[in-house]
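Chemist: Contents of model-v1.txt (compact mmCIF, C-alpha atoms) are below:
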```txt
# COMPACT_ATOMS: atom_id res chain seq x y z
CA MET A 1 -12.46 -2.30 27.47
CA THR A 2 -9.11 -1.27 26.09
CA ASP A 3 -8.96 0.90 22.98
CA ARG A 4 -7.89 -2.17 21.05
CA GLU A 5 -10.81 -4.28 22.24
CA ARG A 6 -13.28 -1.44 21.69
CA PHE A 7 -12.15 -0.80 18.14
CA ALA A 8 -12.17 -4.49 17.21
CA ARG A 9 -15.65 -5.08 18.59
CA GLN A 10 -17.17 -1.90 17.18
CA MET A 11 -15.86 -2.61 13.70
CA ARG A 12 -17.31 -6.13 13.91
CA PHE A 13 -20.82 -4.99 14.91
CA GLN A 14 -20.40 -6.29 18.46
CA PRO A 15 -21.47 -4.63 21.77
CA VAL A 16 -19.09 -2.04 23.23
CA ASP A 17 -19.04 0.12 26.35
CA ARG A 18 -18.70 3.34 24.35
CA CYS A 19 -17.84 4.57 20.88
CA PHE A 20 -14.19 4.61 19.84
CA ASN A 21 -13.21 8.29 19.99
CA MET A 22 -10.90 9.65 17.30
CA GLU A 23 -10.60 12.52 14.83
CA PHE A 24 -8.80 13.07 11.52
CA GLY A 25 -6.78 16.21 12.18
CA TYR A 26 -6.90 19.84 11.12
CA TRP A 27 -5.85 22.39 8.55
CA ALA A 28 -2.54 24.13 9.22
CA GLU A 29 -4.42 27.38 9.95
CA ASN A 30 -6.23 25.83 12.93
CA TYR A 31 -2.95 25.59 14.83
CA LEU A 32 -2.44 29.33 14.33
CA GLU A 33 -6.02 30.53 14.85
CA TRP A 34 -7.71 28.30 17.46
CA SER A 35 -7.13 29.79 20.90
CA GLY A 36 -6.90 26.40 22.62
CA PHE A 37 -4.10 25.33 20.30
CA VAL A 38 -2.21 28.63 20.47
CA GLU A 39 -2.43 28.99 24.26
CA ASN A 40 -1.36 25.39 24.88
CA GLY A 41 1.37 25.16 22.25
CA VAL A 42 -0.44 22.55 20.14
CA THR A 43 1.19 22.54 16.69
CA THR A 44 0.74 19.00 15.33
CA GLU A 45 -1.98 16.38 14.96
CA ALA A 46 -0.22 14.09 17.45
CA GLU A 47 -0.16 16.88 20.03
CA ALA A 48 -3.83 17.65 19.33
CA ASN A 49 -4.76 13.99 19.85
CA ARG A 50 -3.10 14.05 23.27
CA PHE A 51 -4.58 17.46 24.10
CA PHE A 52 -8.13 16.21 23.46
CA ASN A 53 -7.37 12.78 24.95
CA PHE A 54 -8.55 10.84 21.90
CA ASP A 55 -8.25 7.07 21.79
CA ARG A 56 -4.97 5.90 20.32
CA ILE A 57 -4.82 4.26 16.91
CA ALA A 58 -1.62 3.57 14.95
CA VAL A 59 -0.49 2.24 11.57
CA ILE A 60 2.78 0.63 10.47
CA SER A 61 3.50 1.73 6.91
CA GLY A 62 6.39 0.89 4.63
CA ASN A 63 8.33 2.25 1.69
CA THR A 64 5.80 1.23 -0.97
CA TRP A 65 6.19 3.96 -3.55
CA MET A 66 8.81 5.98 -5.40
CA SER A 67 12.25 5.53 -3.84
CA PRO A 68 14.23 7.64 -4.12
CA PRO A 69 11.66 10.39 -4.73
CA PHE A 70 12.38 13.40 -6.90
CA GLU A 71 14.36 16.15 -5.21
CA GLU A 72 11.99 18.79 -3.85
CA LYS A 73 13.13 22.25 -4.89
CA VAL A 74 11.94 25.70 -5.98
CA VAL A 75 12.15 26.21 -9.73
CA SER A 76 10.97 29.82 -10.03
CA GLU A 77 9.19 32.62 -8.15
CA SER A 78 6.90 35.48 -9.18
CA GLY A 79 4.47 37.73 -7.32
CA ASN A 80 2.77 35.81 -4.52
CA THR A 81 3.53 32.34 -5.87
CA ARG A 82 6.46 30.03 -6.46
CA VAL A 83 6.81 27.02 -8.77
CA MET A 84 8.41 24.00 -7.19
CA ILE A 85 9.00 20.40 -8.13
CA ASN A 86 7.64 18.01 -5.52
CA ARG A 87 8.66 14.50 -4.48
CA ASP A 88 6.39 12.94 -7.14
CA GLY A 89 8.10 14.93 -9.90
CA LEU A 90 5.21 17.36 -10.37
CA TYR A 91 5.72 21.04 -11.06
CA ALA A 92 3.37 22.85 -8.69
CA GLU A 93 2.41 26.49 -8.32
CA VAL A 94 1.97 27.22 -4.60
CA PRO A 95 1.41 30.39 -2.51
CA LYS A 96 4.47 31.91 -0.91
CA ASP A 97 2.68 32.36 2.41
CA SER A 98 2.12 28.55 2.56
CA HIS A 99 -1.58 28.80 3.44
CA SER A 100 -3.51 25.55 2.97
CA THR A 101 -4.73 25.12 -0.59
CA ILE A 102 -4.70 22.55 -3.37
CA PRO A 103 -1.57 23.18 -5.48
CA HIS A 104 -1.95 24.09 -9.15
CA TYR A 105 0.11 21.53 -11.05
CA THR A 106 1.55 22.77 -14.32
CA LYS A 107 3.28 19.63 -15.62
CA ALA A 108 4.47 16.15 -14.66
CA SER A 109 7.87 14.52 -15.05
CA ILE A 110 6.23 11.26 -16.19
CA VAL A 111 3.85 11.48 -19.15
CA THR A 112 4.77 8.88 -21.78
CA PRO A 113 5.72 5.18 -21.61
CA ASP A 114 9.36 6.16 -22.22
CA ASP A 115 9.24 8.46 -19.18
CA TRP A 116 7.75 5.66 -17.09
CA LYS A 117 10.32 3.10 -18.25
CA ARG A 118 13.15 5.45 -17.25
CA GLU A 119 11.77 6.33 -13.82
CA LYS A 120 10.51 2.82 -13.04
CA SER A 121 14.03 1.50 -13.37
CA ALA A 122 15.47 4.28 -11.23
CA ARG A 123 12.82 4.66 -8.51
CA PHE A 124 10.63 1.55 -8.24
CA ASP A 125 13.01 -1.33 -7.55
CA PRO A 126 11.28 -3.72 -5.06
CA SER A 127 14.64 -5.06 -3.90
CA ALA A 128 16.12 -1.65 -3.03
CA ARG A 129 17.85 -1.67 0.35
CA GLU A 130 15.74 1.21 1.67
CA ARG A 131 12.62 -0.97 1.36
CA VAL A 132 13.85 -3.45 3.99
CA VAL A 133 11.71 -3.18 7.14
CA GLU A 134 13.40 -2.95 10.56
CA ILE A 135 11.16 -5.49 12.28
CA GLU A 136 12.80 -5.47 15.71
CA LYS A 137 12.64 -1.69 15.93
CA LEU A 138 8.93 -1.77 15.11
CA LYS A 139 8.34 -4.48 17.73
CA GLU A 140 9.85 -2.18 20.34
CA GLN A 141 7.51 0.61 19.23
CA HIS A 142 4.42 -1.61 19.10
CA PRO A 143 4.67 -4.46 21.63
CA ALA A 144 2.43 -7.50 21.40
CA ASP A 145 0.65 -6.58 24.66
CA ARG A 146 -0.35 -3.10 23.41
CA ASP A 147 -3.80 -1.80 24.39
CA TYR A 148 -4.49 0.18 21.18
CA PRO A 149 -5.45 -0.93 17.64
CA LEU A 150 -2.57 -1.27 15.19
CA GLY A 151 -3.00 -1.30 11.45
CA VAL A 152 -0.81 -2.30 8.53
CA GLY A 153 -0.48 0.13 5.65
CA CYS A 154 -1.48 -1.27 2.26
CA GLY A 155 -0.41 1.77 0.31
CA SER A 156 -2.14 2.73 -2.89
CA MET A 157 -2.91 0.92 -6.12
CA ILE A 158 -4.06 3.92 -8.18
CA GLY A 159 -4.12 7.00 -5.90
CA LYS A 160 -0.36 7.52 -5.96
CA VAL A 161 -0.39 6.93 -9.70
CA ARG A 162 -2.73 9.93 -9.84
CA ASP A 163 -0.26 11.89 -7.74
CA MET A 164 2.53 11.04 -10.16
CA LEU A 165 0.59 11.81 -13.35
CA THR A 166 -1.77 14.55 -12.04
CA PHE A 167 -5.55 14.34 -12.13
CA GLU A 168 -5.73 15.26 -15.82
CA GLY A 169 -2.67 13.19 -16.65
CA LEU A 170 -4.22 10.00 -15.27
CA ALA A 171 -7.52 10.71 -17.05
CA TYR A 172 -5.71 10.99 -20.39
CA ALA A 173 -3.18 8.22 -19.79
CA ALA A 174 -5.90 5.67 -19.02
CA TYR A 175 -7.03 6.13 -22.65
CA ASP A 176 -3.77 7.02 -24.39
CA TYR A 177 -1.44 4.59 -22.58
CA PRO A 178 -3.60 1.97 -20.81
CA ASP A 179 -0.78 -0.59 -20.73
CA MET A 180 1.49 1.95 -19.03
CA VAL A 181 -1.10 2.76 -16.37
CA GLU A 182 -1.76 -0.92 -15.73
CA ASP A 183 1.97 -1.48 -15.27
CA MET A 184 2.02 1.39 -12.77
CA VAL A 185 -0.81 -0.26 -10.83
CA GLU A 186 0.96 -3.62 -10.98
CA THR A 187 4.19 -2.02 -9.76
CA SER A 188 2.33 -0.42 -6.85
CA CYS A 189 0.82 -3.79 -5.96
CA VAL A 190 4.17 -5.58 -6.03
CA LEU A 191 5.73 -2.97 -3.75
CA VAL A 192 2.87 -3.33 -1.24
CA GLU A 193 3.09 -7.14 -1.40
CA ASN A 194 6.82 -6.92 -0.74
CA PHE A 195 6.17 -4.85 2.39
CA LEU A 196 3.35 -7.07 3.63
CA ASP A 197 5.47 -10.20 3.23
CA GLN A 198 8.01 -8.64 5.58
CA VAL A 199 5.67 -7.47 8.36
CA LEU A 200 2.58 -9.68 8.43
CA PRO A 201 4.29 -12.70 10.05
CA HIS A 202 5.57 -10.58 12.96
CA PHE A 203 2.51 -8.63 14.16
CA GLU A 204 -1.10 -9.31 15.07
CA PHE A 205 -2.64 -6.44 13.17
CA ASP A 206 -6.14 -5.19 14.01
CA PHE A 207 -6.87 -3.65 10.60
CA ALA A 208 -5.35 -2.62 7.30
CA SER A 209 -5.37 0.86 5.79
CA GLY A 210 -4.99 2.27 2.29
CA TRP A 211 -5.14 5.52 0.35
CA GLU A 212 -6.96 5.95 -2.96
CA ASP A 213 -7.77 9.61 -3.55
CA ILE A 214 -9.26 9.10 -7.02
CA CYS A 215 -12.81 10.40 -6.53
CA PHE A 216 -14.20 13.91 -6.55
CA LYS A 217 -17.74 15.26 -6.27
CA ASN A 218 -18.77 13.74 -9.62
CA GLY A 219 -17.29 10.31 -9.07
CA PRO A 220 -13.98 8.60 -9.92
CA ILE A 221 -11.29 9.94 -12.24
CA VAL A 222 -10.99 6.63 -14.10
CA THR A 223 -13.90 4.72 -15.59
CA VAL A 224 -15.66 2.10 -13.50
CA ASP A 225 -14.67 -0.55 -16.06
CA PHE A 226 -11.01 0.43 -15.78
CA PHE A 227 -11.21 0.36 -11.99
CA ASN A 228 -12.90 -3.03 -11.88
CA SER A 229 -10.67 -4.69 -14.47
CA ILE A 230 -7.29 -3.19 -13.53
CA VAL A 231 -7.38 -2.11 -9.87
CA VAL A 232 -9.76 -4.58 -8.21
CA PRO A 233 -7.73 -7.71 -9.14
CA ARG A 234 -4.74 -6.19 -7.33
CA TYR A 235 -6.89 -5.53 -4.27
CA LYS A 236 -7.80 -9.21 -4.27
CA ARG A 237 -4.12 -10.16 -4.13
CA ILE A 238 -3.62 -7.88 -1.14
CA ARG A 239 -6.78 -9.18 0.54
CA LYS A 240 -5.56 -12.78 0.21
CA LYS A 241 -2.36 -11.94 2.09
CA LEU A 242 -4.30 -10.09 4.79
CA GLU A 243 -6.72 -12.96 5.29
CA GLN A 244 -3.86 -15.43 5.64
CA HIS A 245 -2.77 -13.45 8.69
CA GLY A 246 -6.20 -12.84 10.21
CA VAL A 247 -6.66 -9.21 9.14
CA GLU A 248 -10.39 -8.72 8.55
CA ILE A 249 -10.94 -4.95 8.55
CA TRP A 250 -9.46 -2.98 5.62
CA TYR A 251 -10.27 0.67 5.09
CA THR A 252 -9.22 2.97 2.31
CA ASP A 253 -9.03 6.74 2.34
CA SER A 254 -10.84 8.13 -0.68
CA ASP A 255 -12.49 11.54 -0.76
CA GLY A 256 -15.38 12.45 -3.03
CA ASP A 257 -18.22 10.33 -4.35
CA VAL A 258 -17.12 6.71 -4.00
CA ARG A 259 -20.50 5.22 -4.87
CA PRO A 260 -19.69 4.30 -8.50
CA ILE A 261 -16.68 2.20 -7.39
CA LEU A 262 -18.01 0.94 -4.06
CA SER A 263 -19.00 -2.47 -5.38
CA GLY A 264 -15.49 -2.84 -6.78
CA LEU A 265 -13.92 -1.86 -3.47
CA LEU A 266 -16.06 -4.40 -1.62
CA ASP A 267 -15.38 -7.08 -4.23
CA GLY A 268 -11.65 -6.44 -3.86
CA GLY A 269 -11.84 -6.90 -0.10
CA ILE A 270 -11.91 -3.30 1.15
CA ASN A 271 -14.79 -3.17 3.64
CA ALA A 272 -14.43 0.26 5.27
CA LEU A 273 -14.36 3.87 4.05
CA PHE A 274 -12.37 6.71 5.64
CA PRO A 275 -12.94 9.65 6.23
CA PHE A 276 -16.08 9.61 4.05
CA GLU A 277 -16.88 13.12 2.84
CA VAL A 278 -20.61 13.80 3.13
CA ASN A 279 -21.28 16.71 0.78
CA SER A 280 -19.51 15.19 -2.20
CA CYS A 281 -21.17 11.81 -1.60
CA THR A 282 -24.15 11.21 0.72
CA HIS A 283 -25.16 10.67 4.33
CA PRO A 284 -23.16 7.70 5.68
CA GLY A 285 -26.37 5.98 6.74
CA GLU A 286 -27.45 5.58 3.12
CA LEU A 287 -24.48 3.36 2.31
CA LEU A 288 -24.47 1.60 5.69
CA ASP A 289 -28.11 0.63 5.12
CA ALA A 290 -27.45 -0.46 1.55
CA HIS A 291 -24.53 -2.69 2.64
CA LYS A 292 -25.71 -3.66 6.11
CA GLY A 293 -23.30 -5.94 7.90
CA THR A 294 -20.65 -5.63 5.18
CA LEU A 295 -19.56 -2.00 4.95
CA ARG A 296 -17.99 0.03 7.74
CA ILE A 297 -17.48 3.80 7.77
CA MET A 298 -15.03 5.89 9.77
CA GLY A 299 -15.72 9.63 9.63
CA GLY A 300 -18.86 10.97 8.00
CA PHE A 301 -19.73 13.88 10.34
CA ASP A 302 -20.61 16.72 7.99
CA LYS A 303 -18.16 19.58 8.64
CA ILE A 304 -20.71 22.03 7.22
CA GLN A 305 -22.91 21.34 10.23
CA MET A 306 -19.97 22.09 12.54
CA ILE A 307 -19.58 25.44 10.80
CA ALA A 308 -23.32 26.18 11.04
CA GLY A 309 -23.57 25.98 14.83
CA ARG A 310 -24.87 24.09 17.84
CA GLU A 311 -28.42 23.37 16.66
CA GLN A 312 -27.16 21.92 13.40
CA ILE A 313 -24.50 19.87 15.23
CA ASP A 314 -27.17 18.38 17.51
CA ALA A 315 -29.50 17.67 14.61
CA TYR A 316 -26.82 15.88 12.63
CA PHE A 317 -25.77 13.78 15.63
CA GLU A 318 -29.39 12.58 15.88
CA THR A 319 -29.15 11.13 12.38
CA LEU A 320 -26.01 9.16 13.32
CA VAL A 321 -27.21 7.55 16.56
CA PRO A 322 -28.78 4.40 14.98
CA TYR A 323 -25.63 3.66 13.02
CA VAL A 324 -23.26 4.04 15.96
CA LYS A 325 -25.50 1.74 18.01
CA ARG A 326 -25.59 -0.81 15.20
CA GLY A 327 -21.79 -0.88 15.00
CA GLY A 328 -19.37 -0.65 12.11
CA PHE A 329 -19.46 3.16 12.25
CA ILE A 330 -17.05 5.49 14.06
CA PRO A 331 -18.09 9.12 13.58
CA PHE A 332 -15.64 12.01 13.24
CA CYS A 333 -15.18 15.07 11.01
CA ASP A 334 -15.51 14.04 7.38
CA HIS A 335 -12.02 15.26 6.51
CA ARG A 336 -9.48 17.44 8.24
CA CYS A 337 -11.37 20.06 10.23
CA PRO A 338 -11.09 23.49 8.55
CA PRO A 339 -10.62 26.83 10.35
CA ASP A 340 -14.16 27.79 9.24
CA VAL A 341 -15.24 25.70 12.24
CA THR A 342 -14.80 27.95 15.27
CA TYR A 343 -12.92 26.56 18.23
CA GLU A 344 -16.07 27.02 20.33
CA ASN A 345 -18.17 25.01 17.88
CA TYR A 346 -15.55 22.29 17.75
CA LEU A 347 -15.45 21.98 21.54
CA TYR A 348 -19.24 21.79 21.57
CA TYR A 349 -19.12 19.06 18.92
CA LEU A 350 -16.59 17.05 20.96
CA ASP A 351 -18.60 17.46 24.16
CA ARG A 352 -21.82 16.36 22.49
CA LYS A 353 -20.11 13.38 20.88
CA GLN A 354 -18.90 12.31 24.32
CA GLU A 355 -22.35 12.82 25.86
CA ILE A 356 -24.21 10.93 23.12
CA PHE A 357 -21.79 8.07 22.41
CA GLY A 358 -19.73 7.97 25.60
CA LYS A 359 -21.98 5.35 27.20
CA LEU A 360 -23.39 2.88 24.73
CA GLY A 361 -23.43 0.25 27.48
CA THR A 362 -23.30 -3.49 27.15
CA ASP A 363 -27.09 -3.67 27.38
CA VAL A 364 -27.43 -1.87 24.03
CA VAL A 365 -27.81 -4.21 21.10
CA VAL A 366 -25.04 -3.07 18.77
CA GLY A 367 -25.41 -6.03 16.43
CA LEU A 368 -27.45 -6.53 13.30
```
Since I need it in another form, could you write the structure as C-alpha cells?
Modeler:
Amino acid sequence: MTDRERFARQMRFQPVDRCFNMEFGYWAENYLEWSGFVENGVTTEAEANRFFNFDRIAVISGNTWMSPPFEEKVVSESGNTRVMINRDGLYAEVPKDSHSTIPHYTKASIVTPDDWKREKSARFDPSARERVVEIEKLKEQHPADRDYPLGVGCGSMIGKVRDMLTFEGLAYAAYDYPDMVEDMVETSCVLVENFLDQVLPHFEFDFASGWEDICFKNGPIVTVDFFNSIVVPRYKRIRKKLEQHGVEIWYTDSDGDVRPILSGLLDGGINALFPFEVNSCTHPGELLDAHKGTLRIMGGFDKIQMIAGREQIDAYFETLVPYVKRGGFIPFCDHRCPPDVTYENYLYYLDRKQEIFGKLGTDVVVGL
C-alpha cells in the first residue's frame, strides 16, 4: 500500500498491511541534546521525519487569521527576561536564552469591543489580496498522483481567539462581551470558508485538520454551553463544505481534557483528535470504546512512559494493540516529545512500535 492508501484505510477502520507511522515533533532542546540529531545535523521537524523515515503526511493551509499580524518586536528587557509583542498583539515575558517554555502574557492589544472593531477592520478583511490562494503553485507541490495523504487546513474557530485575547482574556470576555466573542468566532469561520471555497474544487483531499487549543487539564476554557451554542454551529458550516467535496476525516488539535466538549466536536463534524494528551485526559482506548466506529485518535502514546523506560514503554504498547488492530487509531507521542525522554528510550520506542505494528497483515480483522 502507498502511504495515502494506508492512511485512508486505517482511518476508516479497514484492513491495512501495517500501521501508518508518524510522529508529532520535538522540543527545541531535543535538537541540541539528542546525540543522533546533533551528530547528523538534524535541526528541524522535517529533517527529523526524513532521518527516521516516517511516512509522509502533508496539509495545505491558508491565510485564515489576522492579516497583517502585529509587528513582532522587543518592548523591554530586564534580568533574564525580555518583554515582546507577538504577532497576535500579546505582550509576552519570555526568557532571553529562548529555552522552550509557555510565555507569560502580561496584556493583550484587544480587550474591549472598541479594540476588536478597530483591529477587525484593519486585520480581518476576507477580501484582502494576501488571502488569495496560488492554486497552480500548490498543484505543482502536491500532484494528483501523489502517494501520501494530503489534508486541507480548517483553521480555528475559537483557539486563535484565545491566542488573541489570552487564556484569562477569553474566559472573561465570554461573560463580559459575549457578542464580541461570537463575532470573533464568526469572523474566523468566514475566513476559513473563504479559503475552502478557493481550494476544495481543485484537490482530492484525504482529510481536514484544525487547531483548537482551548482545553487544559480541568477541561475547556469556555463553558460547554458557550461551545455548543457558538462554536459548534460554525463547525457544521465547515463540515458541510467538506462533505460536498468528499472529505470525511476531520481532526482537530486540542490539548488537555477534551471530554466535556467531545460530543460538541462530534456533533459539529470533527471525528478525530490529535495529538491527544493522555495525562490531562485519559487513555485513548476509553474514548475509542465509548465512541466505537465514530471517533478516531492520532497520538495518545503517554510520553511519561517514554521517560520511565523500556518496561513501561512495552507495557503501554500492550494497552494500545487492540485499538490499532481495530483501526481509527494511529499511535505516536501525545504531544511534542520533550528532552526528558532520552534519545536511547526514544529509539527503543520507535523500534518497538515498528516491531508491534509494522506487520498488521491483511489477515487481521481491523474492522468493527
Chemist: Quick one: contact table of range 16-101 of chain A to range 118-123 of chain A, 6 Å max, nearest atom pair and distance in Å to one decimal per residue, counting only C-alpha atoms, chain and number order, as a tab-separated table?
Modeler:
```
residue	atom	partner	partner_atom	distance
A:Met66	CA	A:Arg123	CA	5.2
A:Ser67	CA	A:Arg123	CA	4.8
A:Pro68	CA	A:Arg123	CA	5.5
```
Chemist: If I put a ball of radius 9 Å at (-13.1, 27.1, 12.2) in the file's coordinates, which residues poke into it when counting all atoms listed in the file, written as a list of chain:residue names?
Modeler: A:Glu29, A:Asn30, A:Glu33, A:Trp34, A:Met306, A:Ile307, A:Cys337, A:Pro338, A:Pro339, A:Asp340, A:Val341, A:Thr342, A:Tyr343, A:Glu344, A:Asn345, A:Tyr346
Chemist: Compare A:Ile304, A:Val258, A:Cys189, A:Leu320 by their minimum atom-to-atom distance to Pro284 in chain A, counting only C-alpha atoms, and give me the closest one.
Modeler: A:Leu320
Chemist: How many Å lie between CA of Pro143 in chain A and CA of Glu204 in chain A, rounded to one decimal?
Modeler: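 Distance between the two atoms: 10.0 Å.
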Chemist: So the first atom is CA of Ile249 in chain A and the second is CA of Asp206 in chain A; what is the distance between them in Å, to one decimal place?
Modeler: 7.3 Å
Chemist: Residues near Gln354 in chain A, anyone? I mean within 12 Å using all atoms listed in the file, not counting same-chain ones fewer than 4 positions away, as number ranges by chain.
Modeler: A: 18-22, 52-54, 317, 331-332, 347-350, 358-360
Chemist: So how many Å separate CA of Val199 in chain A and CA of Glu47 in chain A, to one decimal?
Modeler: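 Value for the CA of Val199 in chain A-CA of Glu47 in chain A distance: 27.6 Å.
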Chemist: As a VMD selection string, please: the residues near Gly264 in chain A (cut-off 9 Å, all atoms listed in the file, same-chain neighbours under 5 positions excluded).
Modeler: chain A and resid 224 227 to 228 231 to 232 269 to 270
Chemist: Please determine the residues with any atom at most 6 Å from (-15.5, 8.3, -9.2) (coordinates as given in the file, with all atoms listed in the file counting) and report them as a count of residues only.
Modeler: 7
Chemist: Measuring atom to atom with only C-alpha atoms, identify which of A:Gly309, A:Pro322, A:Gly169, A:Pro149 is nearest to Asp3 in chain A.
Modeler: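 Smallest distance to Asp3 in chain A is found for A:Pro149.
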Chemist: Give me the residues near range 293-298 of chain A as a list in words, where near means some atom within 6 Å (using only C-alpha atoms) and where sequence neighbours in that chain fewer than 6 positions away do not count.
Modeler: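 Answer for this query is Asn271, Ala272, Leu273, Phe274, Pro275, Gly328, Phe329, Ile330 and Pro331 of chain A.
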